[in-house]
$ cat data.cif   # mmCIF, C-alpha atoms
data_query
#
loop_
_atom_site.label_atom_id
_atom_site.label_comp_id
_atom_site.auth_asym_id
_atom_site.auth_seq_id
_atom_site.Cartn_x
_atom_site.Cartn_y
_atom_site.Cartn_z
CA MET S 114 0.74 2.00 2.54
CA CYS S 115 3.92 -0.07 2.73
CA PRO S 116 4.36 -1.31 6.34
CA SER S 117 7.50 -0.31 8.21
CA GLY S 118 8.67 -0.05 11.81
CA LEU S 119 6.16 -1.40 14.31
CA ALA S 120 3.73 -2.23 11.49
CA LEU S 121 6.05 -5.04 10.37
CA HIS S 122 5.26 -6.84 13.64
CA HIS S 123 1.50 -6.56 13.22
CA PRO S 124 -0.37 -9.87 12.60
CA ALA S 125 -1.61 -8.51 9.26
CA ALA S 126 1.78 -7.14 8.16
CA GLU S 127 2.35 -9.89 5.59
CA THR S 128 -1.03 -9.18 3.99
CA LEU S 129 -0.38 -5.44 3.77
CA LEU S 130 3.13 -6.03 2.45
CA SER S 131 1.72 -8.16 -0.37
CA TYR S 132 -0.65 -5.32 -1.31
CA ALA S 133 2.25 -2.86 -1.29
CA THR S 134 4.55 -5.00 -3.44
CA SER S 135 2.19 -6.98 -5.70
CA GLY S 136 -1.00 -4.90 -5.61
CA CYS S 137 -4.55 -5.77 -4.60
CA PRO S 138 -6.42 -8.51 -6.52
CA THR S 139 -9.28 -7.07 -8.58
CA GLN S 140 -11.31 -9.96 -9.96
CA THR S 141 -14.23 -8.39 -11.84
CA GLY S 142 -15.65 -11.23 -13.89
CA LYS S 143 -15.40 -12.28 -17.52
CA ALA S 144 -13.90 -10.10 -20.24
CA TRP S 145 -16.07 -7.64 -22.13
CA SER S 146 -16.57 -7.98 -25.87
CA ARG S 147 -15.63 -5.27 -28.35
CA GLU S 148 -19.33 -4.51 -28.82
CA GLN S 149 -19.79 -3.98 -25.08
CA ILE S 150 -16.70 -1.78 -24.78
CA GLU S 151 -17.63 0.34 -27.78
CA ALA S 152 -21.15 0.79 -26.40
CA ALA S 153 -19.70 1.91 -23.05
CA ILE S 154 -17.40 4.38 -24.81
CA GLU S 155 -20.33 5.71 -26.83
CA ARG S 156 -22.31 6.12 -23.60
CA GLY S 157 -19.37 8.09 -22.15
CA PRO S 158 -19.15 10.01 -18.85
CA HIS S 159 -22.03 10.86 -16.55
CA VAL S 160 -23.81 14.10 -17.47
CA SER S 161 -22.39 15.73 -14.31
CA ALA S 162 -18.88 15.38 -15.74
CA LEU S 163 -19.79 17.21 -18.95
CA VAL S 164 -20.36 20.58 -17.27
CA ALA S 165 -17.57 22.91 -18.38
CA GLU S 166 -16.26 23.61 -14.86
CA ALA S 167 -16.34 19.92 -13.91
CA MET S 168 -14.66 18.91 -17.15
CA GLU S 169 -11.83 21.38 -16.59
CA GLN S 170 -11.27 20.25 -13.00
CA LEU S 171 -11.22 16.57 -13.95
CA GLN S 172 -8.77 17.14 -16.80
CA THR S 173 -6.46 18.96 -14.37
CA GLU S 174 -6.74 16.17 -11.80
CA VAL S 175 -6.05 13.49 -14.40
CA ALA S 176 -2.94 15.37 -15.57
CA GLU S 177 -1.72 15.46 -11.96
CA LYS S 178 -2.38 11.73 -11.52
CA VAL S 179 -0.43 10.96 -14.69
CA THR S 180 2.50 13.04 -13.40
CA GLN S 181 2.37 11.18 -10.07
CA GLY S 182 2.27 7.80 -11.78
CA GLN S 183 -1.25 7.09 -10.51
CA ALA S 184 -2.95 6.97 -13.91
CA LYS S 185 -2.27 6.77 -17.62
CA VAL S 186 -4.22 8.14 -20.58
CA VAL S 187 -4.49 6.17 -23.82
CA LEU S 188 -6.19 6.83 -27.13
CA TRP S 189 -8.92 4.32 -27.93
CA ASP S 190 -7.80 4.35 -31.56
CA ASP S 191 -4.36 3.12 -30.47
CA ILE S 192 -5.63 0.02 -28.65
CA LYS S 193 -9.02 -0.82 -30.18
CA HIS S 194 -7.61 -3.56 -32.39
CA ASN S 195 -5.74 -5.22 -29.51
CA PHE S 196 -7.18 -4.03 -26.20
CA PRO S 197 -6.32 -5.64 -22.82
CA SER S 198 -8.58 -8.50 -21.76
CA GLU S 199 -9.35 -6.75 -18.46
CA LEU S 200 -10.64 -3.58 -20.12
CA LYS S 201 -14.01 -2.40 -18.79
CA ILE S 202 -15.44 1.11 -19.16
CA SER S 203 -17.56 2.75 -16.46
CA PRO S 204 -19.00 6.31 -16.41
CA ILE S 205 -17.15 8.94 -14.40
CA ALA S 206 -19.28 11.40 -12.39
CA MET S 207 -18.37 14.74 -10.82
CA ILE S 208 -20.21 15.25 -7.53
CA PRO S 209 -20.39 18.64 -5.73
CA HIS S 210 -18.03 18.63 -2.76
CA LYS S 211 -17.70 20.65 0.43
CA SER S 212 -14.01 21.57 0.13
CA ARG S 213 -13.71 21.90 -3.66
CA ALA S 214 -16.11 22.33 -6.55
CA PHE S 215 -16.37 18.63 -7.43
CA ARG S 216 -15.22 15.16 -6.41
CA ALA S 217 -14.72 12.54 -9.12
CA ILE S 218 -16.43 9.21 -8.48
CA LEU S 219 -16.34 6.28 -10.89
CA ASP S 220 -19.81 4.71 -11.13
CA LEU S 221 -18.86 1.06 -10.95
CA SER S 222 -22.47 0.12 -10.18
CA PHE S 223 -23.64 1.25 -13.62
CA ALA S 224 -25.13 -1.52 -15.77
CA LEU S 225 -25.03 -0.65 -19.47
CA LYS S 226 -28.00 -1.53 -21.71
CA LEU S 227 -27.20 -2.30 -25.33
CA ALA S 228 -29.43 -1.44 -28.29
CA ASN S 229 -30.46 -5.09 -28.63
CA GLY S 230 -31.77 -5.10 -25.04
CA GLU S 231 -28.80 -6.97 -23.59
CA GLU S 232 -27.55 -5.65 -20.26
CA VAL S 233 -23.84 -5.49 -19.52
CA PRO S 234 -23.47 -6.14 -15.78
CA SER S 235 -21.66 -3.53 -13.71
CA VAL S 236 -18.11 -4.04 -12.48
CA ASN S 237 -19.37 -4.14 -8.91
CA SER S 238 -21.96 -6.83 -9.60
CA THR S 239 -19.38 -9.17 -11.16
CA SER S 240 -16.57 -8.55 -8.66
CA THR S 241 -15.36 -11.45 -6.55
CA LYS S 242 -14.91 -10.42 -2.92
CA THR S 243 -11.30 -11.10 -2.01
CA ALA S 244 -10.60 -8.28 0.49
CA PRO S 245 -10.52 -9.08 4.24
CA ALA S 246 -14.15 -8.52 5.27
CA GLY S 247 -13.26 -8.11 8.95
CA ALA S 248 -11.37 -4.90 8.20
CA ILE S 249 -14.57 -2.86 8.12
CA ASP S 250 -16.37 -4.50 11.06
CA GLN S 251 -15.48 -1.64 13.39
CA LEU S 252 -16.75 1.21 11.20
CA GLY S 253 -20.22 1.27 12.71
CA GLN S 254 -18.83 1.38 16.26
CA SER S 255 -16.62 4.47 16.01
CA LEU S 256 -19.27 7.10 16.69
CA SER S 257 -20.79 5.26 19.65
CA ARG S 258 -17.35 4.86 21.24
CA MET S 259 -16.66 8.59 20.88
CA ILE S 260 -20.03 9.46 22.41
CA HIS S 261 -19.30 7.07 25.27
CA ALA S 262 -15.90 8.72 25.85
CA PHE S 263 -17.55 12.13 26.18
CA ALA S 264 -20.21 10.71 28.50
CA GLN S 265 -17.56 9.19 30.78
CA ALA S 266 -15.49 12.39 31.01
CA ASP S 267 -15.74 14.54 34.14
CA ALA S 268 -18.00 17.55 33.78
CA ASP S 269 -15.07 19.97 34.09
CA SER S 270 -12.75 18.04 31.74
CA LYS S 271 -11.41 19.77 28.68
CA VAL S 272 -11.71 17.33 25.78
CA PHE S 273 -9.60 17.84 22.66
CA MET S 274 -10.40 16.23 19.31
CA ALA S 275 -8.67 16.20 15.95
CA LYS S 276 -9.15 14.46 12.61
CA TRP S 277 -6.41 13.58 10.13
CA ASP S 278 -7.59 12.86 6.59
CA ILE S 279 -5.38 10.83 4.26
CA LYS S 280 -5.49 12.73 0.96
CA ASP S 281 -6.96 10.72 -1.93
CA GLY S 282 -7.19 7.71 0.35
CA PHE S 283 -8.07 4.89 -2.04
CA TRP S 284 -5.37 6.06 -4.45
CA ARG S 285 -2.82 4.81 -1.90
CA LEU S 286 -3.49 1.16 -2.80
CA ASP S 287 -2.60 -0.17 -6.26
CA CYS S 288 -4.25 -2.85 -8.35
CA GLN S 289 -2.29 -5.91 -9.35
CA GLN S 290 -0.43 -5.31 -12.60
CA GLY S 291 -2.72 -5.41 -15.62
CA GLU S 292 -5.91 -5.32 -13.57
CA GLU S 293 -6.05 -1.52 -13.52
CA TRP S 294 -7.90 -1.76 -16.87
CA ASN S 295 -11.00 -2.82 -14.90
CA PHE S 296 -11.41 0.80 -13.79
CA ALA S 297 -11.04 2.69 -17.07
CA TYR S 298 -13.31 5.58 -18.06
CA VAL S 299 -13.75 8.02 -20.93
CA LEU S 300 -12.10 11.38 -20.29
CA PRO S 301 -14.71 14.16 -20.68
CA GLN S 302 -13.59 16.65 -23.33
CA GLU S 303 -14.89 18.89 -26.06
CA GLU S 304 -16.78 17.31 -28.95
CA GLY S 305 -14.73 16.27 -31.94
CA GLN S 306 -11.67 15.21 -29.93
CA PRO S 307 -10.26 11.66 -30.22
CA VAL S 308 -11.58 9.38 -27.47
CA LYS S 309 -9.18 9.22 -24.54
CA LEU S 310 -9.41 6.53 -21.86
CA VAL S 311 -8.16 7.20 -18.34
CA VAL S 312 -6.71 4.10 -16.68
CA PRO S 313 -6.08 4.58 -12.94
CA THR S 314 -3.43 2.36 -11.38
CA SER S 315 -5.11 2.40 -7.97
CA LEU S 316 -8.30 1.20 -6.33
CA GLN S 317 -11.24 3.49 -7.00
CA MET S 318 -13.81 5.08 -4.76
CA GLY S 319 -17.00 3.45 -5.98
CA TRP S 320 -15.60 -0.07 -6.23
CA ILE S 321 -17.32 -2.44 -3.80
CA GLU S 322 -14.01 -3.91 -2.58
CA SER S 323 -12.09 -0.65 -2.07
CA PRO S 324 -13.25 0.03 1.54
CA PRO S 325 -12.20 -3.33 3.03
CA TYR S 326 -8.86 -3.26 1.19
CA PHE S 327 -8.15 0.26 2.36
CA CYS S 328 -9.37 -0.38 5.91
CA THR S 329 -6.92 -3.27 6.16
CA ALA S 330 -4.17 -0.68 5.86
CA SER S 331 -5.73 2.10 7.92
CA GLU S 332 -6.73 -0.21 10.79
CA ILE S 333 -3.13 -1.43 11.00
CA GLY S 334 -2.10 2.23 11.19
CA ARG S 335 -4.53 2.75 14.06
CA ASP S 336 -3.16 -0.26 15.94
CA VAL S 337 0.41 0.99 15.53
CA ALA S 338 -0.60 4.51 16.62
CA GLU S 339 -2.09 3.04 19.78
CA GLN S 340 1.21 1.28 20.48
CA HIS S 341 2.95 4.64 20.16
CA MET S 342 0.31 6.18 22.44
CA GLU S 343 1.28 3.74 25.21
CA ARG S 344 4.92 4.80 25.08
CA LYS S 345 6.36 7.06 27.76
CA ILE S 346 5.09 10.64 27.43
CA GLY S 347 7.67 12.69 25.57
CA SER S 348 9.56 9.71 24.13
CA ILE S 349 8.25 10.12 20.56
CA PRO S 350 10.26 12.53 18.38
CA ASP S 351 8.22 15.53 17.27
CA HIS S 352 6.51 15.08 13.92
CA LYS S 353 7.08 17.96 11.52
CA PHE S 354 3.37 18.88 11.69
CA VAL S 355 2.89 18.57 15.46
CA SER S 356 2.77 22.36 15.83
CA LEU S 357 -0.44 22.37 13.74
CA ALA S 358 -2.16 20.04 16.19
CA ALA S 359 -0.81 21.61 19.38
CA GLN S 360 -1.92 25.21 19.07
CA GLY S 361 -4.75 27.62 19.89
CA ASP S 362 -6.03 29.27 23.06
CA ASP S 363 -7.19 26.02 24.66
CA PHE S 364 -3.77 24.46 24.16
CA ASP S 365 -2.00 27.59 25.43
CA ASN S 366 -4.13 27.49 28.59
CA LEU S 367 -3.02 23.96 29.43
CA SER S 368 -0.45 23.61 32.15
CA ASN S 369 3.22 23.06 31.38
CA TYR S 370 3.38 20.74 34.37
CA ARG S 371 1.83 17.28 34.57
CA ALA S 372 -0.17 17.20 37.78
CA GLU S 373 -0.87 13.48 37.50
CA ASN S 374 0.70 10.71 35.46
CA ARG S 375 -2.45 9.84 33.55
CA LEU S 376 -3.57 10.56 29.99
CA SER S 377 -7.10 9.63 28.84
CA TYR S 378 -7.49 9.14 25.12
CA LEU S 379 -9.46 7.41 22.39
CA LEU S 380 -8.15 6.67 18.91
CA GLU S 381 -10.48 5.69 16.06
CA VAL S 382 -10.15 5.34 12.30
CA PHE S 383 -13.04 5.65 9.85
CA VAL S 384 -11.75 4.46 6.46
CA ASP S 385 -9.15 7.20 5.75
CA ASP S 386 -9.93 9.52 8.69
CA TYR S 387 -7.92 9.14 11.89
CA ILE S 388 -9.79 10.61 14.86
CA ALA S 389 -8.12 11.27 18.19
CA LEU S 390 -9.85 12.31 21.41
CA ALA S 391 -7.75 13.28 24.41
CA ILE S 392 -8.21 14.65 27.92
CA PRO S 393 -4.69 15.96 28.60
CA THR S 394 -3.28 17.03 31.92
CA CYS S 395 -0.69 19.30 30.28
CA GLN S 396 0.59 20.50 26.89
CA GLU S 397 3.07 17.64 26.63
CA ASP S 398 0.20 15.14 26.80
CA LEU S 399 -1.47 16.67 23.77
CA ARG S 400 1.77 16.79 21.79
CA HIS S 401 2.26 13.12 22.64
CA VAL S 402 -1.17 12.22 21.23
CA ALA S 403 -0.51 14.14 18.01
CA ASN S 404 2.91 12.56 17.55
CA ALA S 405 1.53 9.07 18.21
CA VAL S 406 -1.14 9.43 15.51
CA MET S 407 1.10 10.94 12.85
CA THR S 408 4.20 8.81 13.36
CA PRO S 409 2.81 5.59 11.72
CA MET S 410 1.92 7.55 8.60
CA LEU S 411 5.54 8.41 7.72
#
$ encode --input "data.cif" --output "structure tokens"
Amino acid sequence: MCPSGLALHHPAAETLLSYATSGCPTQTGKAWSREQIEAAIERGPHVSALVAEAMEQLQTEVAEKVTQGQAKVVLWDDIKHNFPSELKISPIAMIPHKSRAFRAILDLSFALKLANGEEVPSVNSTSTKTAPAGAIDQLGQSLSRMIHAFAQADADSKVFMAKWDIKDGFWRLDCQQGEEWNFAYVLPQEEGQPVKLVVPTSLQMGWIESPPYFCTASEIGRDVAEQHMERKIGSIPDHKFVSLAAQGDDFDNLSNYRAENRLSYLLEVFVDDYIALAIPTCQEDLRHVANAVMTPML
């Protein structure tokens, strides 16, 4: 998510560069007391994360994040007498997912109720909105623009579409140093084990400000991809994955010769999904579209 190349000339380049070098501000309200933190630890993960299969998957994912420098795991006993002022604990949930057994989502809308009746407000409810709100203004327009593109196409046109998904999207943007403690959660594990807290270094799916922060980056990527799209056909060096986008019977049946110097296309981004629609006149057109979309992501 660090801008380079054409992205450095984008009007929002300075903003994105500050996120890449200093992290995203995560102002989540006043510090929690020891009583509130201990109550949140006692409450622990969501029941969905305590299923054996979900617990095993999450522990594996956390280990991978630690290896990649995207999270750290600390023992509560090691910090309970001098914990960071930003520390807040929210329940982690494991939601069934279409491409894997579960997806981990931190429930930052959860408001904890203490035994004395006091309610600890959720992280989301106390967060100050500092992300550029305009970054998500276009989300609701993407589908209608794609439908319009299909409606405007000639009846005999062959329309190609592809979607590129940025893996673990929100994990690509870091919190400002020290503010990652706002997104801590209890690691689900077998009973009797010392309490372990997972502290992600990145913005979390489930935080109210994550989408506009992330869309600031992904919308810049879309703008840069469109600049590449307007370059001369064939002038973009082949991306290493272009063969995966330019394949199949429909691609093979395209001409090797450009009958007309015109390429119709639409490029959209929906949070971390880049969606390209193209009506190519030849195979080189389609390779050009694929290269244009993937080049800004290097």
$ atom_distance --input "data.cif" --atom1 "CA of Glu292 in chain S" --atom2 "CA of Ser198 in chain S"
9.2 Å
$ atom_distance --input "data.cif" --atom1 "CA of Met259 in chain S" --atom2 "CA of Asp351 in chain S"
26.1 Å
$ closest_residue --input "data.cif" --among "S:Gly282, S:Gly157, S:Pro245, S:Gly347" --to "Glu322 in chain S" --atoms "only C-alpha atoms"
S:Pro245
$ closest_residue --input "data.cif" --among "S:His401, S:Lys345, S:Arg258, S:Lys353" --to "Glu381 in chain S" --atoms "all atoms listed in the file"
S:Arg258
$ atom_distance --input "data.cif" --atom1 "CA of Leu399 in chain S" --atom2 "CA of Ser270 in chain S"
13.9 Å
$ residues_around --input "data.cif" --residues "His123 in chain S" --least-positions-apart "5" --cutoff "9 Å" --atoms "only C-alpha atoms" --output "PDB file with C-alpha atoms, keeping the file's coordinate frame"
ATOM      1  CA  ILE S 333      -3.130  -1.430  11.000  1.00  0.00           C
ATOM      2  CA  ASP S 336      -3.160  -0.260  15.940  1.00  0.00           C
ATOM      3  CA  VAL S 337       0.410   0.990  15.530  1.00  0.00           C
TER       4      VAL S 337
END
$ closest_residue --input "data.cif" --among "S:Glu373, S:Glu303, S:Asp220, S:Asp278" --to "Ala389 in chain S" --atoms "all atoms listed in the file"
S:Asp278
$ closest_residue --input "data.cif" --among "S:Asp398, S:Phe327, S:Thr314, S:Gly291" --to "Glu343 in chain S" --atoms "only C-alpha atoms"
S:Asp398
$ resolve_selection --input "data.cif" --expression "the PyMOL selection byres ((chain S and resi 163-165) around 9)" --output "list in words"
Pro158, His159, Val160, Ser161, Ala162, Glu166, Ala167, Met168, Glu169, Gln170, Ala206, Met207, Pro301, Gln302 and Glu303 of chain S
$ residues_near_point --input "data.cif" --point "(-5.0, 1.6, -3.1)" --cutoff "7 Å" --atoms "all atoms listed in the file" --output "ChimeraX atom specification"
/S:283-288,315-316,327
$ closest_residue --input "data.cif" --among "S:Phe383, S:Phe215, S:Trp145, S:Phe273" --to "Leu256 in chain S" --atoms "all atoms listed in the file"
S:Phe383
$ resolve_selection --input "data.cif" --expression "the PyMOL selection byres ((chain S and resi 298) around 9)" --output "MDAnalysis selection string"
chainID S and resid 153:154 157:158 201:205 219 296:297 299:300 309:313
$ closest_residue --input "data.cif" --among "S:Thr139, S:Gln149, S:Asn229, S:Ser331" --to "Asn295 in chain S" --atoms "all atoms listed in the file"
S:Thr139
$ resolve_selection --input "data.cif" --expression "the PyMOL selection byres ((chain S and resi 140) around 9)" --output "list in words"
Pro138, Thr139, Thr141, Gly142, Lys143, Thr239, Ser240, Thr241, Lys242, Thr243, Glu292 and Asn295 of chain S
$ residues_around --input "data.cif" --residues "Ile349 in chain S" --least-positions-apart "3" --cutoff "12 Å" --atoms "all atoms listed in the file" --output "list in words"
Ala338, Gln340, His341, Met342, Glu343, Arg344, Lys345, Ile346, His352, Val355, Glu397, Asp398, Arg400, His401, Val402, Ala403, Asn404, Ala405, Val406, Met407, Thr408 and Pro409 of chain S
$ axis_aligned_box --input "data.cif" --around "range 255-271 of chain S" --padding-each-side "4 Å" --output "AutoDock Vina command-line options"
--center_x -16.1 --center_y 12.2 --center_z 25.1 --size_x 17.4 --size_y 23.5 --size_z 26.1
$ residues_around --input "data.cif" --residues "Ala125 in chain S" --least-positions-apart "2" --cutoff "10 Å" --atoms "only C-alpha atoms" --output "PyMOL selection string"
chain S and resi 116+120-123+127-130+329-330+332-333
$ build_atoms --input "data.cif" --residues "range 319-352 of chain S" --atoms "N, CA and C atoms" --output "short mmCIF file (atom, residue, chain, number, x, y, z; two decimals), in the frame of the given file"
data_model
loop_
_atom_site.label_atom_id
_atom_site.label_comp_id
_atom_site.auth_asym_id
_atom_site.auth_seq_id
_atom_site.Cartn_x
_atom_site.Cartn_y
_atom_site.Cartn_z
N GLY S 319 -15.88 3.92 -5.17
CA GLY S 319 -17.00 3.45 -5.98
C GLY S 319 -16.92 1.97 -6.25
N TRP S 320 -15.71 1.38 -6.07
CA TRP S 320 -15.60 -0.07 -6.23
C TRP S 320 -15.98 -0.74 -4.92
N ILE S 321 -16.77 -1.79 -4.98
CA ILE S 321 -17.32 -2.44 -3.80
C ILE S 321 -16.24 -2.98 -2.86
N GLU S 322 -15.07 -3.32 -3.39
CA GLU S 322 -14.01 -3.91 -2.58
C GLU S 322 -12.99 -2.88 -2.07
N SER S 323 -13.07 -1.65 -2.50
CA SER S 323 -12.09 -0.65 -2.07
C SER S 323 -12.10 -0.41 -0.56
N PRO S 324 -13.27 -0.23 0.09
CA PRO S 324 -13.25 0.03 1.54
C PRO S 324 -12.56 -1.05 2.37
N PRO S 325 -12.89 -2.35 2.19
CA PRO S 325 -12.20 -3.33 3.03
C PRO S 325 -10.71 -3.44 2.74
N TYR S 326 -10.30 -3.26 1.47
CA TYR S 326 -8.86 -3.26 1.19
C TYR S 326 -8.19 -2.09 1.91
N PHE S 327 -8.79 -0.91 1.77
CA PHE S 327 -8.15 0.26 2.36
C PHE S 327 -8.17 0.19 3.88
N CYS S 328 -9.28 -0.30 4.45
CA CYS S 328 -9.37 -0.38 5.91
C CYS S 328 -8.37 -1.38 6.49
N THR S 329 -7.98 -2.37 5.70
CA THR S 329 -6.92 -3.27 6.16
C THR S 329 -5.67 -2.47 6.49
N ALA S 330 -5.35 -1.51 5.64
CA ALA S 330 -4.17 -0.68 5.86
C ALA S 330 -4.39 0.33 6.97
N SER S 331 -5.53 1.03 6.94
CA SER S 331 -5.73 2.10 7.92
C SER S 331 -5.95 1.56 9.33
N GLU S 332 -6.57 0.38 9.46
CA GLU S 332 -6.73 -0.21 10.79
C GLU S 332 -5.39 -0.63 11.37
N ILE S 333 -4.48 -1.12 10.52
CA ILE S 333 -3.13 -1.43 11.00
C ILE S 333 -2.46 -0.15 11.49
N GLY S 334 -2.65 0.95 10.76
CA GLY S 334 -2.10 2.23 11.19
C GLY S 334 -2.65 2.65 12.54
N ARG S 335 -3.94 2.41 12.76
CA ARG S 335 -4.53 2.75 14.06
C ARG S 335 -3.92 1.92 15.18
N ASP S 336 -3.74 0.62 14.92
CA ASP S 336 -3.16 -0.26 15.94
C ASP S 336 -1.74 0.18 16.30
N VAL S 337 -0.96 0.55 15.29
CA VAL S 337 0.41 0.99 15.53
C VAL S 337 0.41 2.32 16.29
N ALA S 338 -0.50 3.23 15.92
CA ALA S 338 -0.60 4.51 16.62
C ALA S 338 -0.92 4.29 18.10
N GLU S 339 -1.76 3.32 18.38
CA GLU S 339 -2.09 3.04 19.78
C GLU S 339 -0.88 2.50 20.53
N GLN S 340 -0.03 1.73 19.85
CA GLN S 340 1.21 1.28 20.48
C GLN S 340 2.10 2.47 20.81
N HIS S 341 2.18 3.42 19.88
CA HIS S 341 2.95 4.64 20.16
C HIS S 341 2.34 5.42 21.32
N MET S 342 0.99 5.43 21.39
CA MET S 342 0.31 6.18 22.44
C MET S 342 0.69 5.66 23.82
N GLU S 343 0.96 4.35 23.92
CA GLU S 343 1.28 3.74 25.21
C GLU S 343 2.75 3.92 25.59
N ARG S 344 3.52 4.53 24.74
CA ARG S 344 4.92 4.80 25.08
C ARG S 344 5.01 5.89 26.14
N LYS S 345 6.14 6.03 26.73
CA LYS S 345 6.36 7.06 27.76
C LYS S 345 6.11 8.44 27.16
N ILE S 346 5.38 9.28 27.89
CA ILE S 346 5.09 10.64 27.43
C ILE S 346 6.41 11.37 27.14
N GLY S 347 6.48 11.94 25.95
CA GLY S 347 7.67 12.69 25.57
C GLY S 347 8.75 11.88 24.87
N SER S 348 8.52 10.57 24.73
CA SER S 348 9.56 9.71 24.13
C SER S 348 9.48 9.65 22.61
N ILE S 349 8.40 10.15 22.02
CA ILE S 349 8.25 10.12 20.56
C ILE S 349 8.82 11.41 19.97
N PRO S 350 9.73 11.31 19.02
CA PRO S 350 10.26 12.53 18.38
C PRO S 350 9.13 13.34 17.76
N ASP S 351 9.26 14.66 17.83
CA ASP S 351 8.22 15.53 17.27
C ASP S 351 8.08 15.32 15.77
N HIS S 352 6.83 15.11 15.34
CA HIS S 352 6.51 15.08 13.92
C HIS S 352 6.59 16.49 13.38
#
